[in-house]
$ cat query_6.cif   # mmCIF, C-alpha atoms
data_run
loop_
_atom_site.group_PDB
_atom_site.id
_atom_site.type_symbol
_atom_site.label_atom_id
_atom_site.label_comp_id
_atom_site.auth_asym_id
_atom_site.auth_seq_id
_atom_site.Cartn_x
_atom_site.Cartn_y
_atom_site.Cartn_z
ATOM 1 C CA MET U 1 23.650 2.190 2.815
ATOM 2 C CA SER U 2 21.741 0.836 -0.183
ATOM 3 C CA ARG U 3 18.835 2.911 -1.412
ATOM 4 C CA LEU U 4 15.533 1.100 -1.083
ATOM 5 C CA PRO U 5 12.654 1.337 -3.531
ATOM 6 C CA SER U 6 9.216 2.445 -2.457
ATOM 7 C CA LEU U 7 6.442 -0.124 -2.770
ATOM 8 C CA TYR U 8 2.739 -0.311 -3.451
ATOM 9 C CA ILE U 9 1.069 -3.519 -2.274
ATOM 10 C CA SER U 10 -2.448 -4.775 -2.918
ATOM 11 C CA HIS U 11 -3.272 -6.402 0.418
ATOM 12 C CA GLY U 12 -6.553 -8.097 -0.493
ATOM 13 C CA SER U 13 -9.084 -9.527 1.930
ATOM 14 C CA PRO U 14 -8.116 -10.143 5.573
ATOM 15 C CA MET U 15 -8.308 -13.848 4.666
ATOM 16 C CA THR U 16 -5.116 -13.368 2.659
ATOM 17 C CA ALA U 17 -3.365 -13.800 6.011
ATOM 18 C CA LEU U 18 -4.570 -17.423 6.146
ATOM 19 C CA ASN U 19 -4.738 -18.150 2.413
ATOM 20 C CA PRO U 20 -1.934 -16.077 0.878
ATOM 21 C CA GLY U 21 -1.946 -17.684 -2.545
ATOM 22 C CA LEU U 22 0.108 -15.997 -5.248
ATOM 23 C CA VAL U 23 0.465 -12.651 -3.461
ATOM 24 C CA GLY U 24 2.142 -14.374 -0.506
ATOM 25 C CA GLU U 25 4.666 -15.963 -2.857
ATOM 26 C CA ARG U 26 5.308 -12.688 -4.639
ATOM 27 C CA LEU U 27 5.881 -10.783 -1.406
ATOM 28 C CA ALA U 28 8.262 -13.410 -0.039
ATOM 29 C CA THR U 29 10.259 -13.318 -3.270
ATOM 30 C CA LEU U 30 10.317 -9.517 -3.275
ATOM 31 C CA ALA U 31 11.666 -9.402 0.286
ATOM 32 C CA LYS U 32 14.594 -11.612 -0.750
ATOM 33 C CA GLN U 33 15.429 -9.192 -3.564
ATOM 34 C CA LEU U 34 15.520 -6.092 -1.347
ATOM 35 C CA PRO U 35 18.228 -4.918 1.031
ATOM 36 C CA ARG U 36 17.039 -5.481 4.583
ATOM 37 C CA PRO U 37 15.432 -2.219 5.772
ATOM 38 C CA ARG U 38 16.214 -0.732 9.147
ATOM 39 C CA ALA U 39 12.571 0.343 9.447
ATOM 40 C CA ILE U 40 9.314 0.410 7.482
ATOM 41 C CA VAL U 41 6.835 3.235 6.979
ATOM 42 C CA MET U 42 3.443 1.704 6.182
ATOM 43 C CA ALA U 43 0.648 3.856 4.745
ATOM 44 C CA SER U 44 -2.493 1.721 4.831
ATOM 45 C CA ALA U 45 -5.851 2.372 3.184
ATOM 46 C CA HIS U 46 -7.389 1.425 6.522
ATOM 47 C CA TRP U 47 -6.008 4.321 8.538
ATOM 48 C CA LEU U 48 -7.884 7.357 7.267
ATOM 49 C CA THR U 49 -7.665 10.812 8.828
ATOM 50 C CA HIS U 50 -8.511 14.390 7.911
ATOM 51 C CA GLN U 51 -4.936 15.607 8.464
ATOM 52 C CA PRO U 52 -1.580 13.779 8.296
ATOM 53 C CA ALA U 53 -0.842 11.495 11.233
ATOM 54 C CA VAL U 54 2.012 9.180 12.176
ATOM 55 C CA GLY U 55 1.966 6.266 14.604
ATOM 56 C CA GLY U 56 4.392 6.743 17.479
ATOM 57 C CA HIS U 57 3.698 3.575 19.496
ATOM 58 C CA ALA U 58 6.830 1.764 20.690
ATOM 59 C CA GLN U 59 5.088 -1.613 20.294
ATOM 60 C CA PRO U 60 2.150 -1.199 17.904
ATOM 61 C CA PRO U 61 -0.689 -3.631 18.674
ATOM 62 C CA THR U 62 -2.141 -5.835 15.950
ATOM 63 C CA ILE U 63 -5.546 -4.424 15.015
ATOM 64 C CA HIS U 64 -8.201 -6.889 13.860
ATOM 65 C CA ASP U 65 -10.298 -4.297 12.055
ATOM 66 C CA PHE U 66 -12.889 -6.655 10.567
ATOM 67 C CA GLY U 67 -15.683 -8.988 11.550
ATOM 68 C CA GLY U 68 -17.335 -12.229 10.470
ATOM 69 C CA PHE U 69 -14.110 -14.133 9.813
ATOM 70 C CA PRO U 70 -12.760 -17.357 11.404
ATOM 71 C CA GLN U 71 -11.306 -17.183 14.904
ATOM 72 C CA ALA U 72 -7.944 -18.271 13.501
ATOM 73 C CA LEU U 73 -7.676 -14.884 11.810
ATOM 74 C CA PHE U 74 -8.280 -13.032 15.070
ATOM 75 C CA ASP U 75 -5.635 -15.158 16.773
ATOM 76 C CA LEU U 76 -2.904 -13.907 14.447
ATOM 77 C CA GLN U 77 -0.496 -11.300 15.769
ATOM 78 C CA TYR U 78 2.262 -9.286 14.134
ATOM 79 C CA PRO U 79 4.381 -8.115 17.082
ATOM 80 C CA ALA U 80 6.821 -5.859 15.232
ATOM 81 C CA PRO U 81 8.307 -3.012 17.271
ATOM 82 C CA GLY U 82 7.581 0.594 16.491
ATOM 83 C CA ASP U 83 10.093 3.422 16.183
ATOM 84 C CA PRO U 84 9.007 6.575 18.031
ATOM 85 C CA ALA U 85 12.173 8.435 16.982
ATOM 86 C CA LEU U 86 11.492 7.742 13.315
ATOM 87 C CA ALA U 87 7.853 8.750 13.804
ATOM 88 C CA ALA U 88 9.049 12.103 15.152
ATOM 89 C CA GLU U 89 11.402 12.516 12.180
ATOM 90 C CA ILE U 90 8.567 11.753 9.754
ATOM 91 C CA ALA U 91 6.329 14.316 11.440
ATOM 92 C CA ALA U 92 9.132 16.886 11.201
ATOM 93 C CA ARG U 93 9.659 16.174 7.501
ATOM 94 C CA LEU U 94 5.958 16.520 6.798
ATOM 95 C CA ASP U 95 5.791 19.754 8.794
ATOM 96 C CA ALA U 96 8.737 21.142 6.796
ATOM 97 C CA ALA U 97 6.896 20.272 3.570
ATOM 98 C CA GLY U 98 3.830 22.236 4.672
ATOM 99 C CA LEU U 99 1.928 19.094 5.685
ATOM 100 C CA PRO U 100 1.564 19.451 9.472
ATOM 101 C CA ALA U 101 1.329 16.006 11.062
ATOM 102 C CA ALA U 102 0.162 14.745 14.440
ATOM 103 C CA ILE U 103 1.759 11.813 16.232
ATOM 104 C CA ASP U 104 -0.671 9.193 17.518
ATOM 105 C CA PRO U 105 1.052 7.321 20.371
ATOM 106 C CA ARG U 106 -1.595 4.567 20.457
ATOM 107 C CA ARG U 107 -2.012 3.616 16.806
ATOM 108 C CA GLY U 108 -1.435 -0.051 15.950
ATOM 109 C CA LEU U 109 -1.141 -1.987 12.698
ATOM 110 C CA ASP U 110 -4.416 -2.611 10.846
ATOM 111 C CA HIS U 111 -4.856 -5.505 8.419
ATOM 112 C CA GLY U 112 -3.711 -3.384 5.485
ATOM 113 C CA ALA U 113 -0.357 -3.248 7.264
ATOM 114 C CA TRP U 114 0.153 -6.534 9.084
ATOM 115 C CA VAL U 115 -1.327 -8.911 6.509
ATOM 116 C CA PRO U 116 1.241 -8.133 3.763
ATOM 117 C CA LEU U 117 4.040 -7.658 6.286
ATOM 118 C CA ARG U 118 3.515 -11.249 7.469
ATOM 119 C CA PHE U 119 4.752 -12.407 4.057
ATOM 120 C CA LEU U 120 7.408 -9.762 3.483
ATOM 121 C CA TYR U 121 9.017 -10.047 6.912
ATOM 122 C CA PRO U 122 7.451 -12.956 8.834
ATOM 123 C CA GLN U 123 9.842 -12.630 11.778
ATOM 124 C CA ALA U 124 8.221 -9.274 12.670
ATOM 125 C CA ASP U 125 11.630 -7.991 13.757
ATOM 126 C CA ILE U 126 11.810 -4.773 11.695
ATOM 127 C CA PRO U 127 10.326 -1.620 13.264
ATOM 128 C CA VAL U 128 7.119 -0.431 11.612
ATOM 129 C CA VAL U 129 5.750 3.121 11.704
ATOM 130 C CA PRO U 130 2.147 3.452 10.466
ATOM 131 C CA LEU U 131 1.216 6.486 8.396
ATOM 132 C CA ALA U 132 -2.347 7.684 7.786
ATOM 133 C CA ILE U 133 -3.701 8.782 4.434
ATOM 134 C CA GLN U 134 -6.217 11.567 3.864
ATOM 135 C CA PRO U 135 -8.491 10.460 1.025
ATOM 136 C CA LEU U 136 -10.616 13.605 1.087
ATOM 137 C CA LEU U 137 -7.516 15.634 0.174
ATOM 138 C CA GLY U 138 -7.020 13.670 -3.048
ATOM 139 C CA PRO U 139 -4.223 11.909 -4.923
ATOM 140 C CA THR U 140 -2.015 14.999 -5.277
ATOM 141 C CA HIS U 141 -1.887 15.311 -1.494
ATOM 142 C CA GLN U 142 -0.811 11.686 -1.077
ATOM 143 C CA TYR U 143 1.843 12.230 -3.735
ATOM 144 C CA ALA U 144 3.168 15.198 -1.744
ATOM 145 C CA LEU U 145 3.317 13.047 1.395
ATOM 146 C CA GLY U 146 5.438 10.542 -0.487
ATOM 147 C CA ARG U 147 7.749 13.221 -1.895
ATOM 148 C CA ALA U 148 8.378 14.527 1.611
ATOM 149 C CA LEU U 149 9.420 11.051 2.763
ATOM 150 C CA ALA U 150 11.485 10.093 -0.291
ATOM 151 C CA PRO U 151 14.852 10.946 1.377
ATOM 152 C CA LEU U 152 14.196 8.248 3.985
ATOM 153 C CA ARG U 153 14.850 5.643 1.288
ATOM 154 C CA GLU U 154 18.519 6.680 1.361
ATOM 155 C CA GLN U 155 18.565 5.912 5.090
ATOM 156 C CA GLY U 156 17.421 2.308 4.908
ATOM 157 C CA VAL U 157 13.709 3.024 5.379
ATOM 158 C CA LEU U 158 11.220 1.124 3.244
ATOM 159 C CA VAL U 159 8.191 3.272 2.355
ATOM 160 C CA ILE U 160 5.100 1.188 1.517
ATOM 161 C CA GLY U 161 1.615 2.154 0.409
ATOM 162 C CA SER U 162 -0.923 -0.615 0.979
ATOM 163 C CA GLY U 163 -4.272 -0.709 -0.810
ATOM 164 C CA SER U 164 -5.661 -2.490 -3.880
ATOM 165 C CA ILE U 165 -5.292 -1.771 -7.583
ATOM 166 C CA THR U 166 -9.020 -2.468 -7.955
ATOM 167 C CA HIS U 167 -11.407 -2.385 -5.005
ATOM 168 C CA ASN U 168 -15.160 -2.497 -5.546
ATOM 169 C CA LEU U 169 -16.679 -4.413 -2.641
ATOM 170 C CA HIS U 170 -20.107 -4.147 -4.270
ATOM 171 C CA ASP U 171 -18.857 -6.976 -6.491
ATOM 172 C CA TRP U 172 -18.142 -9.342 -3.616
ATOM 173 C CA GLY U 173 -19.635 -12.699 -4.599
ATOM 174 C CA ASN U 174 -20.711 -11.546 -8.063
ATOM 175 C CA TYR U 175 -18.054 -13.485 -9.962
ATOM 176 C CA ALA U 176 -17.657 -17.249 -9.840
ATOM 177 C CA GLU U 177 -14.244 -18.883 -9.977
ATOM 178 C CA GLY U 178 -12.610 -18.255 -13.337
ATOM 179 C CA LYS U 179 -14.709 -15.178 -14.140
ATOM 180 C CA GLU U 180 -13.509 -11.605 -13.787
ATOM 181 C CA ALA U 181 -15.257 -8.273 -13.556
ATOM 182 C CA PRO U 182 -14.979 -6.712 -17.039
ATOM 183 C CA TYR U 183 -13.473 -3.474 -15.758
ATOM 184 C CA VAL U 184 -10.512 -5.023 -13.923
ATOM 185 C CA ARG U 185 -8.031 -5.751 -16.716
ATOM 186 C CA PRO U 186 -8.593 -2.530 -18.701
ATOM 187 C CA PHE U 187 -8.002 -0.558 -15.509
ATOM 188 C CA ILE U 188 -4.869 -2.394 -14.380
ATOM 189 C CA ASP U 189 -3.452 -2.281 -17.918
ATOM 190 C CA TRP U 190 -3.981 1.490 -18.039
ATOM 191 C CA VAL U 191 -2.238 1.930 -14.674
ATOM 192 C CA GLU U 192 0.727 -0.159 -15.816
ATOM 193 C CA GLN U 193 1.038 1.766 -19.083
ATOM 194 C CA ARG U 194 0.898 5.167 -17.383
ATOM 195 C CA LEU U 195 3.447 4.112 -14.764
ATOM 196 C CA GLU U 196 5.820 2.787 -17.420
ATOM 197 C CA ALA U 197 5.472 6.143 -19.204
ATOM 198 C CA ASN U 198 6.188 8.082 -15.968
ATOM 199 C CA ASP U 199 2.869 9.828 -16.556
ATOM 200 C CA SER U 200 2.253 10.997 -13.003
ATOM 201 C CA ALA U 201 -0.160 13.694 -14.160
ATOM 202 C CA ALA U 202 -2.534 11.119 -15.671
ATOM 203 C CA LEU U 203 -2.322 8.880 -12.615
ATOM 204 C CA LEU U 204 -3.081 11.756 -10.256
ATOM 205 C CA ASP U 205 -6.125 12.541 -12.413
ATOM 206 C CA TYR U 206 -7.044 8.882 -12.876
ATOM 207 C CA ARG U 207 -10.741 9.286 -12.072
ATOM 208 C CA ALA U 208 -11.156 11.458 -15.164
ATOM 209 C CA ARG U 209 -8.694 9.638 -17.431
ATOM 210 C CA ALA U 210 -8.621 5.914 -16.598
ATOM 211 C CA PRO U 211 -11.101 3.452 -18.119
ATOM 212 C CA HIS U 212 -13.776 2.291 -15.666
ATOM 213 C CA ALA U 213 -12.179 4.318 -12.858
ATOM 214 C CA VAL U 214 -15.329 4.686 -10.776
ATOM 215 C CA GLN U 215 -16.196 0.997 -11.151
ATOM 216 C CA ALA U 216 -12.677 -0.006 -10.129
ATOM 217 C CA HIS U 217 -12.744 2.409 -7.180
ATOM 218 C CA PRO U 218 -16.177 3.663 -6.040
ATOM 219 C CA SER U 219 -14.132 5.404 -3.342
ATOM 220 C CA ASP U 220 -10.438 5.817 -3.895
ATOM 221 C CA GLU U 221 -8.771 5.302 -0.517
ATOM 222 C CA HIS U 222 -7.379 1.960 -1.744
ATOM 223 C CA LEU U 223 -5.637 3.498 -4.761
ATOM 224 C CA GLN U 224 -4.259 6.609 -3.072
ATOM 225 C CA PRO U 225 -1.445 4.668 -1.334
ATOM 226 C CA LEU U 226 -0.177 4.116 -4.897
ATOM 227 C CA HIS U 227 0.151 7.882 -5.293
ATOM 228 C CA LEU U 228 2.095 8.055 -2.035
ATOM 229 C CA ALA U 229 4.472 5.316 -3.214
ATOM 230 C CA MET U 230 4.910 7.187 -6.511
ATOM 231 C CA GLY U 231 5.823 10.342 -4.620
ATOM 232 C CA ALA U 232 8.316 8.419 -2.498
ATOM 233 C CA ALA U 233 10.121 7.406 -5.718
ATOM 234 C CA GLY U 234 11.524 10.907 -5.391
ATOM 235 C CA GLY U 235 11.513 12.291 -8.924
ATOM 236 C CA GLU U 236 9.979 12.435 -12.368
ATOM 237 C CA VAL U 237 11.328 9.005 -13.287
ATOM 238 C CA LEU U 238 9.370 6.438 -11.302
ATOM 239 C CA GLY U 239 11.278 3.316 -12.276
ATOM 240 C CA ALA U 240 8.043 1.344 -11.892
ATOM 241 C CA GLN U 241 8.023 -2.434 -12.017
ATOM 242 C CA ARG U 242 4.740 -4.325 -11.899
ATOM 243 C CA ILE U 243 4.600 -7.635 -10.054
ATOM 244 C CA ASP U 244 1.492 -9.543 -11.102
ATOM 245 C CA ALA U 245 -0.082 -11.355 -8.149
ATOM 246 C CA GLY U 246 -3.344 -12.357 -9.808
ATOM 247 C CA ILE U 247 -6.964 -11.349 -9.284
ATOM 248 C CA ASP U 248 -8.877 -12.501 -6.202
ATOM 249 C CA ALA U 249 -12.639 -13.128 -6.176
ATOM 250 C CA GLY U 250 -12.866 -11.863 -9.740
ATOM 251 C CA PHE U 251 -12.560 -8.178 -8.823
ATOM 252 C CA LEU U 252 -9.608 -7.596 -6.467
ATOM 253 C CA ALA U 253 -6.478 -7.105 -8.576
ATOM 254 C CA MET U 254 -3.491 -7.979 -6.380
ATOM 255 C CA ASP U 255 -0.784 -6.099 -8.283
ATOM 256 C CA ILE U 256 2.369 -5.056 -6.459
ATOM 257 C CA TYR U 257 4.594 -2.225 -7.686
ATOM 258 C CA ARG U 258 8.128 -1.305 -6.792
ATOM 259 C CA PHE U 259 9.445 2.150 -7.618
ATOM 260 C CA ASP U 260 13.213 2.450 -7.897
ATOM 261 C CA GLY U 261 13.116 6.094 -8.877
ATOM 262 C CA GLN U 262 15.281 5.608 -11.932
ATOM 263 C CA ALA U 263 15.012 4.106 -15.391
ATOM 264 C CA ALA U 264 15.247 0.317 -15.467
ATOM 265 C CA ALA U 265 18.669 -0.967 -16.506
#

$ encode --input "query_6.cif" --output "structure tokens"
Amino acid sequence: MSRLPSLYISHGSPMTALNPGLVGERLATLAKQLPRPRAIVMASAHWLTHQPAVGGHAQPPTIHDFGGFPQALFDLQYPAPGDPALAAEIAARLDAAGLPAAIDPRRGLDHGAWVPLRFLYPQADIPVVPLAIQPLLGPTHQYALGRALAPLREQGVLVIGSGSITHNLHDWGNYAEGKEAPYVRPFIDWVEQRLEANDSAALLDYRARAPHAVQAHPSDEHLQPLHLAMGAAGGEVLGAQRIDAGIDAGFLAMDIYRFDGQAAA
């Protein structure tokens, strides 16, 4: 079975589901380049817990975890099956790594999960297991979660972290079309450079080392899925490849990363 990369996806606003723009194109292209996974583990910035948790629902419901958007957005469904057996295996792997995990039998797929999955796998026919992140435990914890799940990539499981490379909602509406927040490009360039250099230590300490870190992420739950995807690369060599998907609303960088866990050929 072909080894899959791990992925980090910037999922953007819920409206991305209706107006996918460049990120929709990039995700569709990426899916064609990957071996078809037997299942997906999706760690979304919108499922936050104090301790590790895994979704064990056999048919995860589509969660519309937002308000004030058009009815057409609420009408969308992503009826992918779950995989309770894989959820149990994930919990066991996390337990063995010293990261005791609960199984939530009712958890569905929030918009950080189903919005990008609509463009990766629109048929919704691949089982999806949601995975919570624990932002209060910090980037190193998310990295450890990813390392514990890295062997699943050898078994046809696609591990995805879903967040946003920059995410400062205080800037919503502050930038007209064609204008960008001044912190966005320096931050995304720094992330790309550190990933290319396999500098995991700097990325785990990004709030102290990255330019404009606090402006790019007033809270860092949307970047920590990146640390999980890095951990799932499985080693010191990340094999990171940036896929540029533009900048939405002047402040939401939509970068996608794949981590092949080995030096690029």

$ closest_residue --input "query_6.cif" --among "U:Val191, U:Leu30, U:Leu109, U:Ala197" --to "U:Pro127" --atoms "only C-alpha atoms"
U:Leu109

$ residues_around --input "query_6.cif" --residues "U:Tyr78" --least-positions-apart "6" --cutoff "12 Å" --atoms "only C-alpha atoms" --output "list in words"
Ala17, Gln59, Pro60, Pro61, Thr62, Ile63, His64, Gly108, Leu109, Asp110, His111, Ala113, Trp114, Val115, Pro116, Leu117, Arg118, Phe119, Leu120, Tyr121, Pro122, Gln123, Ala124, Asp125, Ile126, Pro127 and Val128 of chain U

$ residues_around --input "query_6.cif" --residues "U:Val157" --least-positions-apart "6" --cutoff "9 Å" --atoms "only C-alpha atoms" --output "list in words"
Arg3, Leu4, Pro37, Arg38, Ala39, Ile40, Val41 and Pro151 of chain U

$ residues_around --input "query_6.cif" --residues "U:Ala101" --least-positions-apart "2" --cutoff "10 Å" --atoms "all atoms listed in the file" --output "ChimeraX atom specification"
/U:51-54,88,90-96,98-99,103-104,131-132

$ atom_distance --input "query_6.cif" --atom1 "atom CA of U:Asp248" --atom2 "atom CA of U:Gly12"
7.6 Å

$ atom_distance --input "query_6.cif" --atom1 "atom CA of U:Lys32" --atom2 "atom CA of U:Val184"
29.1 Å

$ closest_residue --input "query_6.cif" --among "U:Leu22, U:Leu86, U:Ala43, U:Leu238" --to "U:His57" --atoms "only C-alpha atoms"
U:Leu86

$ residues_around --input "query_6.cif" --residues "U:Gly246" --least-positions-apart "3" --cutoff "8 Å" --atoms "only C-alpha atoms" --output "number ranges by chain"
U: 22-23, 253-255

$ resolve_selection --input "query_6.cif" --expression "the PyMOL selection byres ((chain U and resi 228) around 10)" --output "PyMOL selection string"
chain U and resi 6-8+43+133+139-150+159-162+223-227+229-233

$ residues_around --input "query_6.cif" --residues "U:Glu221" --least-positions-apart "5" --cutoff "8 Å" --atoms "all atoms listed in the file" --output "MDAnalysis selection string"
chainID U and resid 45 133 135 163

$ atom_distance --input "query_6.cif" --atom1 "atom CA of U:Thr16" --atom2 "atom CA of U:Thr49"
25.1 Å

$ closest_residue --input "query_6.cif" --among "U:Gln134, U:Arg194, U:Glu89, U:Ile9" --to "U:Leu152" --atoms "all atoms listed in the file"
U:Glu89

$ resolve_selection --input "query_6.cif" --expression "the PyMOL selection byres ((chain U and resi 210-219) around 9)" --output "number ranges by chain"
U: 135, 165-170, 183-184, 186-187, 190-191, 202-203, 205-209, 220-223, 251-252

$ closest_residue --input "query_6.cif" --among "U:Pro20, U:Gly250, U:Gly82, U:Gly56" --to "U:Glu180" --atoms "all atoms listed in the file"
U:Gly250
